[in-house]
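Asker: I am sharing target.cif, which consists of mmCIF, C-alpha atoms:
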data_work
loop_
_atom_site.label_atom_id
_atom_site.label_comp_id
_atom_site.auth_asym_id
_atom_site.auth_seq_id
_atom_site.Cartn_x
_atom_site.Cartn_y
_atom_site.Cartn_z
CA MET A 1389 18.00 -13.44 67.59
CA GLU A 1390 20.20 -16.43 68.49
CA ARG A 1391 22.90 -15.36 66.05
CA GLN A 1392 22.70 -11.66 66.99
CA ILE A 1393 23.12 -12.45 70.69
CA ALA A 1394 25.97 -14.83 69.84
CA LYS A 1395 27.74 -12.05 67.92
CA ASP A 1396 27.12 -9.64 70.80
CA LEU A 1397 28.55 -11.96 73.44
CA LEU A 1398 31.61 -12.75 71.33
CA SER A 1399 32.25 -9.09 70.52
CA ILE A 1400 32.56 -8.12 74.21
CA LYS A 1401 34.25 -11.40 75.18
CA ALA A 1402 31.40 -12.35 77.48
CA VAL A 1403 31.87 -15.71 75.78
CA PHE A 1404 35.50 -16.31 74.94
CA PHE A 1405 36.85 -19.45 73.25
CA ARG A 1406 40.37 -20.74 73.89
CA PRO A 1407 40.54 -24.38 72.77
CA GLU A 1408 44.34 -24.36 72.61
CA GLU A 1409 44.70 -23.13 76.22
CA PRO A 1410 41.68 -24.44 78.13
CA PHE A 1411 40.35 -22.69 81.21
CA THR A 1412 39.99 -24.70 84.42
CA TRP A 1413 36.63 -24.60 86.16
CA ALA A 1414 36.30 -24.72 89.94
CA SER A 1415 35.32 -28.37 89.56
CA GLY A 1416 38.66 -29.08 87.90
CA ILE A 1417 37.14 -29.64 84.45
CA LYS A 1418 39.16 -28.24 81.56
CA SER A 1419 36.99 -26.02 79.37
CA PRO A 1420 37.64 -24.40 75.97
CA VAL A 1421 35.17 -21.63 76.79
CA TYR A 1422 34.99 -18.85 79.34
CA CYS A 1423 31.60 -17.27 79.92
CA ASP A 1424 30.91 -14.10 81.92
CA ASN A 1425 27.57 -12.58 80.99
CA ARG A 1426 28.03 -9.88 83.63
CA LEU A 1427 30.05 -8.10 80.96
CA THR A 1428 26.81 -7.41 79.11
CA LEU A 1429 25.88 -4.98 81.88
CA THR A 1430 28.81 -2.70 81.00
CA ALA A 1431 28.09 -2.76 77.25
CA PRO A 1432 24.86 -0.74 76.80
CA ALA A 1433 24.10 -1.77 73.20
CA VAL A 1434 24.56 -5.46 73.99
CA ARG A 1435 22.69 -5.06 77.27
CA ASN A 1436 19.71 -3.63 75.40
CA HIS A 1437 19.67 -6.58 73.00
CA VAL A 1438 19.85 -9.03 75.91
CA GLU A 1439 17.15 -7.47 78.07
CA GLU A 1440 14.77 -6.87 75.18
CA GLY A 1441 15.42 -10.44 74.11
CA LEU A 1442 14.63 -11.83 77.56
CA ALA A 1443 11.46 -9.75 77.66
CA ALA A 1444 10.46 -11.13 74.25
CA LEU A 1445 11.00 -14.72 75.44
CA ILE A 1446 8.79 -14.11 78.47
CA LYS A 1447 6.06 -12.53 76.36
CA GLU A 1448 6.15 -15.46 73.94
CA TYR A 1449 6.47 -18.43 76.28
CA TYR A 1450 5.22 -17.17 79.66
CA PRO A 1451 2.64 -14.43 78.96
CA GLU A 1452 0.88 -15.19 82.26
CA ALA A 1453 4.01 -14.39 84.33
CA GLU A 1454 3.31 -12.31 87.43
CA VAL A 1455 6.78 -12.07 89.00
CA LEU A 1456 10.37 -12.45 87.77
CA MET A 1457 12.93 -13.99 90.09
CA GLY A 1458 16.65 -13.74 89.39
CA THR A 1459 19.22 -16.28 90.46
CA ALA A 1460 21.92 -14.95 92.77
CA THR A 1461 24.00 -13.23 91.87
CA ALA A 1462 24.38 -13.07 88.11
CA GLY A 1463 20.68 -13.23 87.28
CA ILE A 1464 19.62 -10.39 89.58
CA ALA A 1465 20.41 -7.41 87.32
CA HIS A 1466 18.92 -9.10 84.26
CA ALA A 1467 15.73 -9.91 86.17
CA ALA A 1468 15.48 -6.30 87.35
CA ILE A 1469 15.96 -4.73 83.92
CA THR A 1470 13.65 -7.21 82.19
CA ALA A 1471 10.98 -6.71 84.86
CA HIS A 1472 11.24 -2.96 84.27
CA ILE A 1473 10.64 -3.48 80.54
CA LEU A 1474 7.63 -5.70 81.23
CA ASP A 1475 6.34 -3.61 84.14
CA LEU A 1476 6.43 -6.65 86.43
CA PRO A 1477 7.58 -7.05 90.03
CA MET A 1478 10.86 -8.86 90.60
CA GLY A 1479 12.96 -10.33 93.33
CA TYR A 1480 15.80 -12.79 93.65
CA VAL A 1481 16.68 -16.02 95.40
CA ARG A 1482 19.83 -16.32 97.48
CA SER A 1483 21.99 -19.44 97.34
CA GLY A 1484 21.21 -19.81 101.05
CA ALA A 1485 19.17 -18.04 103.71
CA LYS A 1486 20.73 -15.00 105.41
CA ASP A 1487 22.10 -15.60 108.89
CA HIS A 1488 20.83 -12.23 110.15
CA GLY A 1489 17.78 -9.95 110.02
CA ARG A 1490 14.70 -11.77 108.74
CA LYS A 1491 16.92 -14.62 107.48
CA ASN A 1492 15.32 -14.45 104.05
CA ARG A 1493 16.33 -16.62 101.16
CA ILE A 1494 13.85 -15.04 98.78
CA GLU A 1495 14.18 -11.28 98.52
CA GLY A 1496 11.19 -9.31 97.29
CA ARG A 1497 7.49 -9.92 97.87
CA LEU A 1498 6.21 -13.31 96.77
CA GLU A 1499 2.65 -14.43 97.38
CA PRO A 1500 1.64 -18.12 97.43
CA GLY A 1501 0.26 -19.17 94.06
CA GLN A 1502 1.96 -16.40 92.07
CA LYS A 1503 3.22 -17.37 88.63
CA VAL A 1504 6.99 -16.94 88.51
CA VAL A 1505 9.61 -16.99 85.76
CA ILE A 1506 13.23 -17.56 86.79
CA VAL A 1507 15.82 -15.34 85.09
CA GLU A 1508 19.27 -16.94 84.78
CA ASP A 1509 22.40 -15.64 83.05
CA LEU A 1510 23.73 -19.00 81.84
CA ILE A 1511 22.94 -22.66 82.27
CA SER A 1512 25.59 -25.37 82.33
CA THR A 1513 24.75 -28.14 84.81
CA ALA A 1514 21.58 -26.24 85.91
CA GLY A 1515 22.31 -26.66 89.62
CA SER A 1516 21.62 -23.07 90.69
CA CYS A 1517 18.53 -22.89 88.51
CA VAL A 1518 16.99 -26.02 90.02
CA ASP A 1519 17.88 -24.90 93.57
CA THR A 1520 16.17 -21.57 92.88
CA CYS A 1521 13.08 -23.34 91.59
CA GLU A 1522 12.89 -25.57 94.66
CA ALA A 1523 13.13 -22.58 97.01
CA LEU A 1524 10.33 -20.80 95.15
CA ARG A 1525 8.09 -23.85 95.14
CA GLU A 1526 8.64 -24.31 98.87
CA GLU A 1527 7.14 -20.84 99.32
CA GLY A 1528 4.10 -21.77 97.25
CA ALA A 1529 5.05 -20.17 93.93
CA GLU A 1530 3.98 -21.65 90.62
CA VAL A 1531 7.21 -21.71 88.62
CA LEU A 1532 6.33 -21.42 84.94
CA GLY A 1533 9.85 -21.92 83.66
CA VAL A 1534 13.20 -20.27 83.00
CA VAL A 1535 14.67 -17.73 80.60
CA SER A 1536 18.43 -17.35 80.22
CA ILE A 1537 20.99 -15.61 78.07
CA PHE A 1538 23.07 -18.65 77.16
CA THR A 1539 22.92 -22.41 77.60
CA TYR A 1540 25.62 -25.00 77.06
CA GLY A 1541 23.07 -27.74 76.37
CA MET A 1542 25.03 -30.18 78.55
CA LYS A 1543 23.41 -33.55 79.19
CA LYS A 1544 23.61 -33.15 82.97
CA GLY A 1545 21.91 -29.77 82.81
CA LEU A 1546 19.15 -31.00 80.52
CA GLU A 1547 18.52 -33.99 82.77
CA ARG A 1548 18.34 -31.84 85.88
CA LEU A 1549 15.89 -29.44 84.30
CA ALA A 1550 13.71 -32.30 83.08
CA ALA A 1551 13.74 -33.97 86.52
CA ALA A 1552 12.63 -30.69 88.10
CA GLY A 1553 9.88 -30.22 85.53
CA LEU A 1554 11.51 -27.03 84.25
CA VAL A 1555 11.61 -25.71 80.69
CA ASN A 1556 14.33 -23.23 79.76
CA HIS A 1557 14.33 -20.81 76.84
CA SER A 1558 17.69 -19.22 76.05
CA LEU A 1559 18.60 -16.30 73.82
CA THR A 1560 21.44 -18.33 72.32
CA ASN A 1561 23.28 -21.59 72.85
CA PHE A 1562 26.68 -23.24 72.69
CA ASP A 1563 26.24 -24.66 69.19
CA ILE A 1564 25.18 -21.33 67.69
CA ILE A 1565 28.00 -19.45 69.39
CA ALA A 1566 30.57 -22.00 68.18
CA GLU A 1567 29.24 -21.68 64.63
CA VAL A 1568 29.29 -17.87 64.71
CA ALA A 1569 32.74 -17.85 66.34
CA ALA A 1570 34.13 -19.84 63.41
CA GLU A 1571 32.40 -17.59 60.86
CA GLU A 1572 33.72 -14.45 62.54
CA GLY A 1573 37.29 -15.78 62.86
CA TYR A 1574 37.41 -16.19 66.64
CA ILE A 1575 38.20 -19.89 66.24
CA ALA A 1576 39.10 -22.21 63.36
CA GLU A 1577 36.35 -24.14 61.61
CA ALA A 1578 38.04 -27.36 62.74
CA ASP A 1579 37.62 -26.31 66.38
CA ILE A 1580 33.83 -26.65 66.25
CA ALA A 1581 34.01 -30.44 66.55
CA ARG A 1582 36.33 -30.11 69.56
CA LEU A 1583 33.96 -27.70 71.24
CA ILE A 1584 30.96 -29.96 70.66
CA ALA A 1585 32.97 -32.94 72.02
CA PHE A 1586 33.57 -30.94 75.20
CA ARG A 1587 29.89 -30.00 75.44
CA ASP A 1588 28.80 -33.62 75.01
CA ASP A 1589 31.16 -34.97 77.69
CA PRO A 1590 33.04 -32.34 79.77
CA SER A 1591 34.86 -35.03 81.78
CA ASP A 1592 36.51 -36.45 78.63
CA GLU A 1593 39.55 -34.30 77.85
CA SER A 1594 40.51 -36.09 74.64
CA TRP A 1595 39.34 -33.07 72.61
CA ILE A 1596 42.27 -31.02 73.98
CA GLY A 1597 44.90 -32.80 71.93
CA LYS A 1598 42.94 -32.91 68.67
#
So that I can check it, write out the structure of this file as structure tokens.

Answerer:
Amino acid sequence: MERQIAKDLLSIKAVFFRPEEPFTWASGIKSPVYCDNRLTLTAPAVRNHVEEGLAALIKEYYPEAEVLMGTATAGIAHAAITAHILDLPMGYVRSGAKDHGRKNRIEGRLEPGQKVVIVEDLISTAGSCVDTCEALREEGAEVLGVVSIFTYGMKKGLERLAAAGLVNHSLTNFDIIAEVAAEEGYIAEADIARLIAFRDDPSDESWIGK
């Protein structure tokens, strides 16, 4: 499944490598990869693979799940479709509470003690995922863990997840996508080492000139 999802994401440019002309993240970090898993929603065949894959991960690792909660905003649609497949309730967690109405941060019904799985589109530094988990725990939920489409496997993200007591299961990961990208001709074989160097230390830009 990891390789199939990698091929899917590359084929629709949801994950797009450009080591020669790095993208600049909002943080200022230069990145050889651009990731927009929202594009899976407009590619029905890929979308089916993704949502069935997320459902399979939940069945395998979190069979006792009672509610799915998407991260805002990119995880919401994936949580909804996956919940439909599994016949489970779903909701989502805002990045902050609304300033009007009931001023909710968590949308959808959530009862104290319910077993929740967080649905995320991608994990890099894991900030949004951990924030979502904290909000759910504050409302009394038992957070079983996380499922996601893609993870970079960055040290900072792994450390944050571990500190929060969260386990993530992704459909594919940075290393697999880099390997498949080289096999399929999206990047040169020599670029894999540059990509892994970026993944291991995003603040070190020495990989750009290699």

Asker: Nearest to Ile1494 (chain A) among A:Cys1521, A:Ile1511, A:Ile1565, A:Ala1462, with distances taken over all atoms listed in the file: which residue is it?

Answerer: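 Closest to Ile1494 (chain A) of all the choices is A:Cys1521.
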
Asker: Got a sec: who's within 6 Å of Gly1479 (chain A), counting only C-alpha atoms, leaving out chain neighbours fewer than 2 positions off, as a list of chain:residue names?

Answerer: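 The contact residues come out as A:Met1457, A:Glu1495, A:Gly1496.
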
Asker: Could you tell me which residues the PyMOL selection byres ((chain A and resi 1471) around 12) grabs in this file, written as JSON, numbers by chain?

Answerer: {"A": [1439, 1440, 1442, 1443, 1444, 1446, 1447, 1453, 1454, 1455, 1456, 1457, 1458, 1463, 1464, 1465, 1466, 1467, 1468, 1469, 1470, 1472, 1473, 1474, 1475, 1476, 1477, 1478, 1479, 1480, 1504, 1505, 1506, 1507]}

Asker: Around (23.9, -32.5, 77.7) in the file's own coordinates, what residues are found within 9 Å if you use only C-alpha atoms, given back as number ranges by chain?

Answerer: A: 1512-1513, 1540-1547, 1587-1589

Asker: Mind giving me the straight-line distance from CA of Ala1460 (chain A) to CA of Arg1482 (chain A) in Å, one decimal?

Answerer: 5.3 Å

Asker: Residues picked by the PyMOL selection byres ((chain A and resi 1558) around 6) here, as number ranges by chain?

Answerer: A: 1535-1538, 1557, 1559-1560

Asker: What is the distance, in Å and to one decimal place, between CA of Glu1526 (chain A) and CA of Arg1548 (chain A)?

Answerer: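 CA of Arg1548 (chain A) lies 17.9 Å from CA of Glu1526 (chain A).
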
Asker: Could you tell me which residues the PyMOL selection byres ((chain A and resi 1568-1582) around 10) grabs in this file, written as a PyMOL selection string?

Answerer: chain A and resi 1390-1392+1394-1395+1398-1399+1403-1408+1420+1562-1567+1583-1588+1593-1598

Asker: If we count only C-alpha atoms, what is near Ala1402 (chain A) at a cut-off of 6 Å, once residues fewer than 6 positions away on the same chain are taken out, given as JSON, numbers by chain?

Answerer: {"A": [1423, 1424, 1425, 1427]}

Asker: Quick one: everything within 8 Å of Lys1418 (chain A), counting only C-alpha atoms, minus sequence neighbours fewer than 4 positions away in the same chain. Send it as a ChimeraX atom specification.

Answerer: /A:1410-1413,1590,1593

Asker: For CA of Leu1498 (chain A) and CA of Val1531 (chain A), determine how far apart the two atoms are, in Å to one decimal place.

Answerer: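 Separation of CA of Leu1498 (chain A) and CA of Val1531 (chain A): 11.7 Å.
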
Asker: So that I can see what lies close to Ala1523 (chain A), please list as number ranges by chain the residues with an atom at most 9 Å from it, counting only C-alpha atoms and leaving out residues fewer than 4 positions away in the same chain.

Answerer: A: 1481, 1493-1494, 1518-1519, 1527, 1529

Asker: Would you mind telling me which residue in A:Asn1436, A:Ser1591, A:Asn1556, A:Thr1461 lies nearest to Ser1419 (chain A) when using all atoms listed in the file?

Answerer: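 Once distances to Ser1419 (chain A) are computed over all atoms listed in the file, the minimum belongs to A:Ser1591.
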
Asker: Find the residue from A:Ser1483, A:Gly1416, A:Tyr1449, A:Ile1400 that sits nearest to Thr1430 (chain A); use all atoms listed in the file when measuring.

Answerer: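 Residue with the minimum atom-to-atom distance to Thr1430 (chain A): A:Ile1400.
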
Asker: As a PDB file, keeping the file's coordinate frame, could you write out region 1539-1550 of chain A once it has been completed with all heavy atoms?

Answerer:
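See result02.pdb below for the written result:
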ATOM      1  N   THR A1539      22.902 -21.061  77.045  1.00  0.00           N
ATOM      2  CA  THR A1539      22.920 -22.410  77.600  1.00  0.00           C
ATOM      3  C   THR A1539      23.952 -23.257  76.873  1.00  0.00           C
ATOM      4  O   THR A1539      24.122 -23.143  75.659  1.00  0.00           O
ATOM      5  CB  THR A1539      21.540 -23.083  77.512  1.00  0.00           C
ATOM      6  OG1 THR A1539      21.607 -24.371  78.118  1.00  0.00           O
ATOM      7  CG2 THR A1539      21.078 -23.244  76.076  1.00  0.00           C
ATOM      8  N   TYR A1540      24.650 -24.078  77.652  1.00  0.00           N
ATOM      9  CA  TYR A1540      25.620 -25.000  77.060  1.00  0.00           C
ATOM     10  C   TYR A1540      24.912 -26.182  76.384  1.00  0.00           C
ATOM     11  O   TYR A1540      25.446 -26.780  75.462  1.00  0.00           O
ATOM     12  CB  TYR A1540      26.555 -25.556  78.141  1.00  0.00           C
ATOM     13  CG  TYR A1540      27.635 -24.614  78.586  1.00  0.00           C
ATOM     14  CD1 TYR A1540      27.435 -23.756  79.658  1.00  0.00           C
ATOM     15  CD2 TYR A1540      28.879 -24.596  77.955  1.00  0.00           C
ATOM     16  CE1 TYR A1540      28.436 -22.895  80.087  1.00  0.00           C
ATOM     17  CE2 TYR A1540      29.886 -23.745  78.371  1.00  0.00           C
ATOM     18  CZ  TYR A1540      29.661 -22.895  79.445  1.00  0.00           C
ATOM     19  OH  TYR A1540      30.653 -22.051  79.859  1.00  0.00           O
ATOM     20  N   GLY A1541      23.749 -26.560  76.887  1.00  0.00           N
ATOM     21  CA  GLY A1541      23.070 -27.740  76.370  1.00  0.00           C
ATOM     22  C   GLY A1541      23.713 -29.031  76.846  1.00  0.00           C
ATOM     23  O   GLY A1541      23.596 -30.080  76.188  1.00  0.00           O
ATOM     24  N   MET A1542      24.388 -28.978  78.000  1.00  0.00           N
ATOM     25  CA  MET A1542      25.030 -30.180  78.550  1.00  0.00           C
ATOM     26  C   MET A1542      23.997 -31.191  79.002  1.00  0.00           C
ATOM     27  O   MET A1542      22.936 -30.835  79.520  1.00  0.00           O
ATOM     28  CB  MET A1542      25.923 -29.794  79.730  1.00  0.00           C
ATOM     29  CG  MET A1542      27.162 -29.030  79.352  1.00  0.00           C
ATOM     30  SD  MET A1542      28.140 -28.592  80.812  1.00  0.00           S
ATOM     31  CE  MET A1542      29.577 -27.873  80.026  1.00  0.00           C
ATOM     32  N   LYS A1543      24.335 -32.466  78.830  1.00  0.00           N
ATOM     33  CA  LYS A1543      23.410 -33.550  79.190  1.00  0.00           C
ATOM     34  C   LYS A1543      22.988 -33.452  80.650  1.00  0.00           C
ATOM     35  O   LYS A1543      21.802 -33.594  80.964  1.00  0.00           O
ATOM     36  CB  LYS A1543      24.082 -34.896  78.916  1.00  0.00           C
ATOM     37  CG  LYS A1543      23.189 -36.087  79.234  1.00  0.00           C
ATOM     38  CD  LYS A1543      23.902 -37.399  78.962  1.00  0.00           C
ATOM     39  CE  LYS A1543      23.022 -38.580  79.319  1.00  0.00           C
ATOM     40  NZ  LYS A1543      23.714 -39.881  79.118  1.00  0.00           N
ATOM     41  N   LYS A1544      23.935 -33.217  81.544  1.00  0.00           N
ATOM     42  CA  LYS A1544      23.610 -33.150  82.970  1.00  0.00           C
ATOM     43  C   LYS A1544      22.624 -32.031  83.254  1.00  0.00           C
ATOM     44  O   LYS A1544      21.677 -32.195  84.030  1.00  0.00           O
ATOM     45  CB  LYS A1544      24.884 -32.954  83.794  1.00  0.00           C
ATOM     46  CG  LYS A1544      24.657 -33.012  85.301  1.00  0.00           C
ATOM     47  CD  LYS A1544      25.974 -32.962  86.055  1.00  0.00           C
ATOM     48  CE  LYS A1544      25.752 -33.121  87.550  1.00  0.00           C
ATOM     49  NZ  LYS A1544      27.051 -33.091  88.292  1.00  0.00           N
ATOM     50  N   GLY A1545      22.820 -30.889  82.620  1.00  0.00           N
ATOM     51  CA  GLY A1545      21.910 -29.770  82.810  1.00  0.00           C
ATOM     52  C   GLY A1545      20.518 -30.061  82.296  1.00  0.00           C
ATOM     53  O   GLY A1545      19.512 -29.763  82.949  1.00  0.00           O
ATOM     54  N   LEU A1546      20.451 -30.664  81.108  1.00  0.00           N
ATOM     55  CA  LEU A1546      19.150 -31.000  80.520  1.00  0.00           C
ATOM     56  C   LEU A1546      18.406 -32.012  81.382  1.00  0.00           C
ATOM     57  O   LEU A1546      17.194 -31.909  81.576  1.00  0.00           O
ATOM     58  CB  LEU A1546      19.354 -31.552  79.107  1.00  0.00           C
ATOM     59  CG  LEU A1546      19.933 -30.573  78.071  1.00  0.00           C
ATOM     60  CD1 LEU A1546      20.225 -31.292  76.762  1.00  0.00           C
ATOM     61  CD2 LEU A1546      18.977 -29.402  77.843  1.00  0.00           C
ATOM     62  N   GLU A1547      19.137 -32.978  81.915  1.00  0.00           N
ATOM     63  CA  GLU A1547      18.520 -33.990  82.770  1.00  0.00           C
ATOM     64  C   GLU A1547      17.997 -33.389  84.067  1.00  0.00           C
ATOM     65  O   GLU A1547      16.909 -33.742  84.538  1.00  0.00           O
ATOM     66  CB  GLU A1547      19.507 -35.116  83.060  1.00  0.00           C
ATOM     67  CG  GLU A1547      19.809 -35.993  81.852  1.00  0.00           C
ATOM     68  CD  GLU A1547      20.873 -37.043  82.111  1.00  0.00           C
ATOM     69  OE1 GLU A1547      21.598 -36.923  83.135  1.00  0.00           O
ATOM     70  OE2 GLU A1547      21.002 -37.968  81.303  1.00  0.00           O
ATOM     71  N   ARG A1548      18.775 -32.484  84.646  1.00  0.00           N
ATOM     72  CA  ARG A1548      18.340 -31.840  85.880  1.00  0.00           C
ATOM     73  C   ARG A1548      17.087 -31.005  85.673  1.00  0.00           C
ATOM     74  O   ARG A1548      16.169 -31.018  86.491  1.00  0.00           O
ATOM     75  CB  ARG A1548      19.461 -30.954  86.442  1.00  0.00           C
ATOM     76  CG  ARG A1548      20.497 -31.687  87.267  1.00  0.00           C
ATOM     77  CD  ARG A1548      21.528 -30.722  87.789  1.00  0.00           C
ATOM     78  NE  ARG A1548      22.373 -31.335  88.797  1.00  0.00           N
ATOM     79  CZ  ARG A1548      23.456 -30.752  89.303  1.00  0.00           C
ATOM     80  NH1 ARG A1548      23.818 -29.538  88.876  1.00  0.00           N
ATOM     81  NH2 ARG A1548      24.177 -31.361  90.224  1.00  0.00           N
ATOM     82  N   LEU A1549      17.064 -30.261  84.594  1.00  0.00           N
ATOM     83  CA  LEU A1549      15.890 -29.440  84.300  1.00  0.00           C
ATOM     84  C   LEU A1549      14.654 -30.323  84.087  1.00  0.00           C
ATOM     85  O   LEU A1549      13.571 -30.030  84.599  1.00  0.00           O
ATOM     86  CB  LEU A1549      16.134 -28.589  83.053  1.00  0.00           C
ATOM     87  CG  LEU A1549      17.138 -27.443  83.190  1.00  0.00           C
ATOM     88  CD1 LEU A1549      17.446 -26.839  81.824  1.00  0.00           C
ATOM     89  CD2 LEU A1549      16.632 -26.367  84.134  1.00  0.00           C
ATOM     90  N   ALA A1550      14.824 -31.402  83.350  1.00  0.00           N
ATOM     91  CA  ALA A1550      13.710 -32.300  83.080  1.00  0.00           C
ATOM     92  C   ALA A1550      13.197 -32.933  84.379  1.00  0.00           C
ATOM     93  O   ALA A1550      11.982 -33.026  84.597  1.00  0.00           O
ATOM     94  CB  ALA A1550      14.131 -33.385  82.101  1.00  0.00           C
TER      95      ALA A1550
END
